[in-house]
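K.L.:
my_file.txt is reproduced below (compact mmCIF, N, CA and C atoms).
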# COMPACT_ATOMS: atom_id res chain seq x y z
N PHE A 1 222.05 281.86 54.14
CA PHE A 1 222.44 283.24 54.10
C PHE A 1 223.24 283.61 55.32
N GLY A 2 224.12 284.55 55.14
CA GLY A 2 224.78 285.20 56.26
C GLY A 2 223.89 286.35 56.68
N GLU A 3 224.48 287.41 57.09
CA GLU A 3 223.71 288.60 57.41
C GLU A 3 223.52 289.40 56.14
N LEU A 4 222.29 289.77 55.87
CA LEU A 4 222.01 290.56 54.68
C LEU A 4 222.02 292.03 55.05
N VAL A 5 222.73 292.79 54.27
CA VAL A 5 222.76 294.24 54.41
C VAL A 5 222.08 294.80 53.18
N MET A 6 221.08 295.64 53.40
CA MET A 6 220.31 296.18 52.29
C MET A 6 220.42 297.70 52.25
N GLN A 7 220.51 298.21 51.05
CA GLN A 7 220.55 299.65 50.84
C GLN A 7 219.57 299.98 49.73
N GLU A 8 218.55 300.76 50.07
CA GLU A 8 217.59 301.16 49.05
C GLU A 8 218.11 302.38 48.33
N LEU A 9 218.14 302.29 47.03
CA LEU A 9 218.51 303.40 46.17
C LEU A 9 217.24 303.91 45.51
N GLU A 10 217.36 304.90 44.66
CA GLU A 10 216.16 305.49 44.06
C GLU A 10 215.29 304.46 43.33
N ASP A 11 215.87 303.70 42.45
CA ASP A 11 215.10 302.73 41.66
C ASP A 11 215.64 301.31 41.80
N GLU A 12 216.44 301.04 42.82
CA GLU A 12 217.05 299.73 42.98
C GLU A 12 217.19 299.39 44.46
N LEU A 13 217.41 298.12 44.70
CA LEU A 13 217.71 297.65 46.05
C LEU A 13 219.01 296.87 45.97
N LEU A 14 219.99 297.28 46.72
CA LEU A 14 221.27 296.59 46.78
C LEU A 14 221.25 295.69 48.00
N ILE A 15 221.53 294.40 47.79
CA ILE A 15 221.56 293.42 48.87
C ILE A 15 222.95 292.80 48.89
N CYS A 16 223.58 292.85 50.05
CA CYS A 16 224.91 292.25 50.22
C CYS A 16 224.82 291.17 51.28
N ASP A 17 225.34 290.00 50.96
CA ASP A 17 225.41 288.89 51.90
C ASP A 17 226.82 288.89 52.49
N THR A 18 226.91 289.20 53.78
CA THR A 18 228.22 289.34 54.40
C THR A 18 228.91 288.01 54.63
N LYS A 19 228.17 286.91 54.53
CA LYS A 19 228.78 285.59 54.70
C LYS A 19 229.45 285.13 53.41
N THR A 20 228.74 285.29 52.30
CA THR A 20 229.27 284.82 51.02
C THR A 20 229.97 285.92 50.23
N PHE A 21 229.87 287.15 50.71
CA PHE A 21 230.46 288.30 50.04
C PHE A 21 229.90 288.48 48.63
N ARG A 22 228.62 288.13 48.48
CA ARG A 22 227.94 288.32 47.20
C ARG A 22 227.04 289.53 47.31
N ALA A 23 226.91 290.27 46.22
CA ALA A 23 226.04 291.44 46.18
C ALA A 23 225.07 291.29 45.02
N PHE A 24 223.87 291.79 45.23
CA PHE A 24 222.82 291.71 44.23
C PHE A 24 222.18 293.09 44.11
N CYS A 25 221.90 293.49 42.90
CA CYS A 25 221.22 294.75 42.66
C CYS A 25 219.89 294.42 41.98
N LEU A 26 218.80 294.69 42.69
CA LEU A 26 217.48 294.38 42.17
C LEU A 26 216.83 295.64 41.64
N ASN A 27 216.20 295.53 40.47
CA ASN A 27 215.44 296.68 39.99
C ASN A 27 214.20 296.84 40.86
N LYS A 28 213.47 297.90 40.67
CA LYS A 28 212.33 298.23 41.54
C LYS A 28 211.31 297.10 41.58
N THR A 29 210.97 296.53 40.44
CA THR A 29 209.96 295.46 40.41
C THR A 29 210.45 294.23 41.16
N ALA A 30 211.68 293.80 40.87
CA ALA A 30 212.22 292.62 41.56
C ALA A 30 212.33 292.88 43.06
N ALA A 31 212.72 294.09 43.44
CA ALA A 31 212.82 294.43 44.86
C ALA A 31 211.44 294.38 45.52
N ASP A 32 210.44 294.90 44.85
CA ASP A 32 209.08 294.87 45.41
C ASP A 32 208.58 293.44 45.55
N VAL A 33 208.86 292.60 44.56
CA VAL A 33 208.48 291.19 44.63
C VAL A 33 209.20 290.53 45.81
N TRP A 34 210.49 290.76 45.93
CA TRP A 34 211.30 290.17 47.00
C TRP A 34 210.74 290.56 48.37
N LYS A 35 210.35 291.81 48.50
CA LYS A 35 209.81 292.29 49.78
C LYS A 35 208.47 291.63 50.11
N LEU A 36 207.74 291.21 49.08
CA LEU A 36 206.44 290.57 49.30
C LEU A 36 206.55 289.07 49.57
N CYS A 37 207.73 288.51 49.43
CA CYS A 37 207.92 287.07 49.64
C CYS A 37 207.85 286.75 51.13
N ASP A 38 206.73 286.18 51.51
CA ASP A 38 206.54 285.82 52.92
C ASP A 38 206.10 284.37 53.08
N GLY A 39 206.07 283.63 51.96
CA GLY A 39 205.65 282.24 52.04
C GLY A 39 204.14 282.05 52.00
N ARG A 40 203.40 283.15 52.03
CA ARG A 40 201.93 283.06 52.03
C ARG A 40 201.29 283.81 50.87
N THR A 41 201.96 284.84 50.36
CA THR A 41 201.39 285.67 49.31
C THR A 41 201.63 285.03 47.94
N SER A 42 200.56 284.77 47.22
CA SER A 42 200.67 284.13 45.91
C SER A 42 201.19 285.12 44.88
N ALA A 43 201.67 284.59 43.77
CA ALA A 43 202.15 285.43 42.68
C ALA A 43 201.01 286.30 42.15
N LYS A 44 199.82 285.75 42.10
CA LYS A 44 198.66 286.52 41.63
C LYS A 44 198.40 287.69 42.56
N ARG A 45 198.46 287.45 43.86
CA ARG A 45 198.22 288.52 44.84
C ARG A 45 199.34 289.55 44.78
N MET A 46 200.58 289.10 44.58
CA MET A 46 201.69 290.04 44.44
C MET A 46 201.45 290.97 43.26
N ALA A 47 201.00 290.40 42.15
CA ALA A 47 200.72 291.21 40.96
C ALA A 47 199.64 292.25 41.26
N GLU A 48 198.62 291.84 41.98
CA GLU A 48 197.55 292.77 42.35
C GLU A 48 198.10 293.90 43.22
N LEU A 49 198.91 293.55 44.21
CA LEU A 49 199.48 294.56 45.12
C LEU A 49 200.42 295.50 44.38
N LEU A 50 201.23 294.96 43.47
CA LEU A 50 202.15 295.80 42.71
C LEU A 50 201.40 296.71 41.75
N SER A 51 200.32 296.20 41.16
CA SER A 51 199.49 297.02 40.27
C SER A 51 198.91 298.20 41.04
N LYS A 52 198.43 297.91 42.24
CA LYS A 52 197.85 298.97 43.08
C LYS A 52 198.93 299.98 43.47
N LYS A 53 200.10 299.50 43.82
CA LYS A 53 201.20 300.37 44.26
C LYS A 53 201.68 301.28 43.14
N THR A 54 201.83 300.73 41.94
CA THR A 54 202.39 301.49 40.83
C THR A 54 201.34 302.26 40.04
N GLY A 55 200.08 301.87 40.16
CA GLY A 55 199.05 302.51 39.38
C GLY A 55 199.03 302.05 37.94
N SER A 56 199.80 301.01 37.64
CA SER A 56 199.87 300.42 36.30
C SER A 56 199.69 298.92 36.42
N PRO A 57 199.11 298.29 35.40
CA PRO A 57 198.93 296.84 35.46
C PRO A 57 200.27 296.11 35.54
N VAL A 58 200.37 295.18 36.47
CA VAL A 58 201.53 294.30 36.58
C VAL A 58 201.00 292.89 36.46
N GLY A 59 201.44 292.18 35.45
CA GLY A 59 200.96 290.83 35.22
C GLY A 59 201.61 289.80 36.12
N GLU A 60 200.89 288.73 36.35
CA GLU A 60 201.43 287.63 37.16
C GLU A 60 202.70 287.07 36.52
N ASP A 61 202.79 287.13 35.18
CA ASP A 61 203.98 286.64 34.49
C ASP A 61 205.22 287.44 34.87
N VAL A 62 205.07 288.72 35.13
CA VAL A 62 206.19 289.57 35.56
C VAL A 62 206.66 289.12 36.94
N VAL A 63 205.71 288.85 37.82
CA VAL A 63 206.04 288.39 39.17
C VAL A 63 206.73 287.03 39.11
N LEU A 64 206.21 286.12 38.30
CA LEU A 64 206.81 284.79 38.19
C LEU A 64 208.23 284.87 37.64
N LEU A 65 208.47 285.77 36.69
CA LEU A 65 209.81 285.95 36.15
C LEU A 65 210.75 286.46 37.25
N ALA A 66 210.29 287.44 38.02
CA ALA A 66 211.10 287.96 39.12
C ALA A 66 211.39 286.87 40.15
N LEU A 67 210.38 286.08 40.50
CA LEU A 67 210.57 284.99 41.46
C LEU A 67 211.57 283.96 40.94
N ASP A 68 211.49 283.67 39.66
CA ASP A 68 212.43 282.72 39.05
C ASP A 68 213.86 283.24 39.14
N GLN A 69 214.06 284.50 38.84
CA GLN A 69 215.40 285.08 38.91
C GLN A 69 215.91 285.15 40.35
N LEU A 70 215.03 285.49 41.28
CA LEU A 70 215.42 285.53 42.69
C LEU A 70 215.82 284.13 43.17
N ALA A 71 215.07 283.13 42.74
CA ALA A 71 215.39 281.75 43.12
C ALA A 71 216.73 281.31 42.54
N LYS A 72 216.99 281.68 41.29
CA LYS A 72 218.26 281.31 40.65
C LYS A 72 219.45 281.91 41.37
N GLU A 73 219.26 283.07 41.97
CA GLU A 73 220.34 283.74 42.71
C GLU A 73 220.33 283.36 44.19
N ASN A 74 219.49 282.39 44.55
CA ASN A 74 219.38 281.93 45.93
C ASN A 74 219.00 283.04 46.91
N LEU A 75 218.11 283.92 46.45
CA LEU A 75 217.63 285.01 47.30
C LEU A 75 216.28 284.68 47.94
N LEU A 76 215.83 283.45 47.76
CA LEU A 76 214.60 283.00 48.41
C LEU A 76 214.94 281.84 49.32
N VAL A 77 214.29 281.78 50.44
CA VAL A 77 214.53 280.73 51.42
C VAL A 77 213.31 279.84 51.48
N SER A 78 213.51 278.55 51.43
CA SER A 78 212.41 277.61 51.55
C SER A 78 211.92 277.59 53.00
N ILE A 79 210.60 277.62 53.16
CA ILE A 79 210.04 277.57 54.51
C ILE A 79 209.50 276.18 54.82
N CYS A 80 209.72 275.26 53.91
CA CYS A 80 209.26 273.89 54.10
C CYS A 80 210.35 273.06 54.77
N GLY A 81 209.90 272.15 55.63
CA GLY A 81 210.80 271.19 56.23
C GLY A 81 211.95 271.82 56.91
Could you write out this structure as structure tokens?

P.N.:
Amino acid sequence: FGELVMQELEDELLICDTKTFRAFCLNKTAADVWKLCDGRTSAKRMAELLSKKTGSPVGEDVVLLALDQLAKENLLVSICG
């Protein structure tokens, strides 16, 4: 990644990578999942935290889908090796 510039909108998070000149617009759920990515929080725990935050059940499958999409767009960084 280059430098990431983030702008929170009402229901979205806009992320711009100034090195690659790529921009990403994440919906609220994907943005919340992305913010929880710390290399230690499991998908199950993310779902629990999101459920608590929203007051509605959020399944682990929703978190896994968001993580998969974030990974496909190279918005996750490996902390291994």

K.L.:
Just give me the gap between atom CA of A:Gly39 and atom CA of A:Gln7 in Å, one decimal is fine.

P.N.:
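Separating atom CA of A:Gly39 from atom CA of A:Gln7 is a distance of 22.9 Å.
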
K.L.:
At what distance in Å, to one decimal, does atom CA of A:Asn27 lie from atom CA of A:Glu12?

P.N.:
4.6 Å

K.L.:
For A:Asp61, please output as a PyMOL selection string all residues within 9 Å (counting only C-alpha atoms; exclusion window: fewer than 4 positions along the same chain).

P.N.:
chain A and resi 43-44+47+65-66

K.L.:
May I ask for the distance between atom CA of A:Leu64 and atom CA of A:Leu26, given in Å to one decimal place?

P.N.:
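Separating atom CA of A:Leu64 from atom CA of A:Leu26 is a distance of 14.9 Å.
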
K.L.:
Quick one: DSSP helix (DSSP H, G or I) residues in chain A, as number ranges by chain?

P.N.:
A: 28-36, 43-54, 60-72

K.L.:
For A:Arg45, which residue out of A:Leu14, A:Lys28, A:Glu60, A:Glu73 is the nearest one, using only N, CA and C atoms?

P.N.:
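The closest residue to A:Arg45 is A:Glu60.
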
K.L.:
I need the residues in chain A that are strand (DSSP E) according to DSSP; give them as a list in words.

P.N.:
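The strand (DSSP E) residues within chain A come out as Leu4, Val5, Met6, Gln7, Glu8, Glu12, Leu13, Leu14, Ile15, Cys16, Asp17, Arg22, Ala23, Phe24, Cys25, Leu26 and Asn27 of chain A.
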
K.L.:
Under the rule that only N, CA and C atoms are counted, which of A:Glu3, A:Asp11, A:Gln69, A:Ser42 is the nearest residue to A:Thr29?

P.N.:
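Under the stated criterion, the closest residue is A:Asp11.
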
K.L.:
Between A:Met46, A:Thr41, A:Ile15, A:Ala31, which is the closest to A:Val63 once you count all atoms listed in the file?

P.N.:
A:Met46
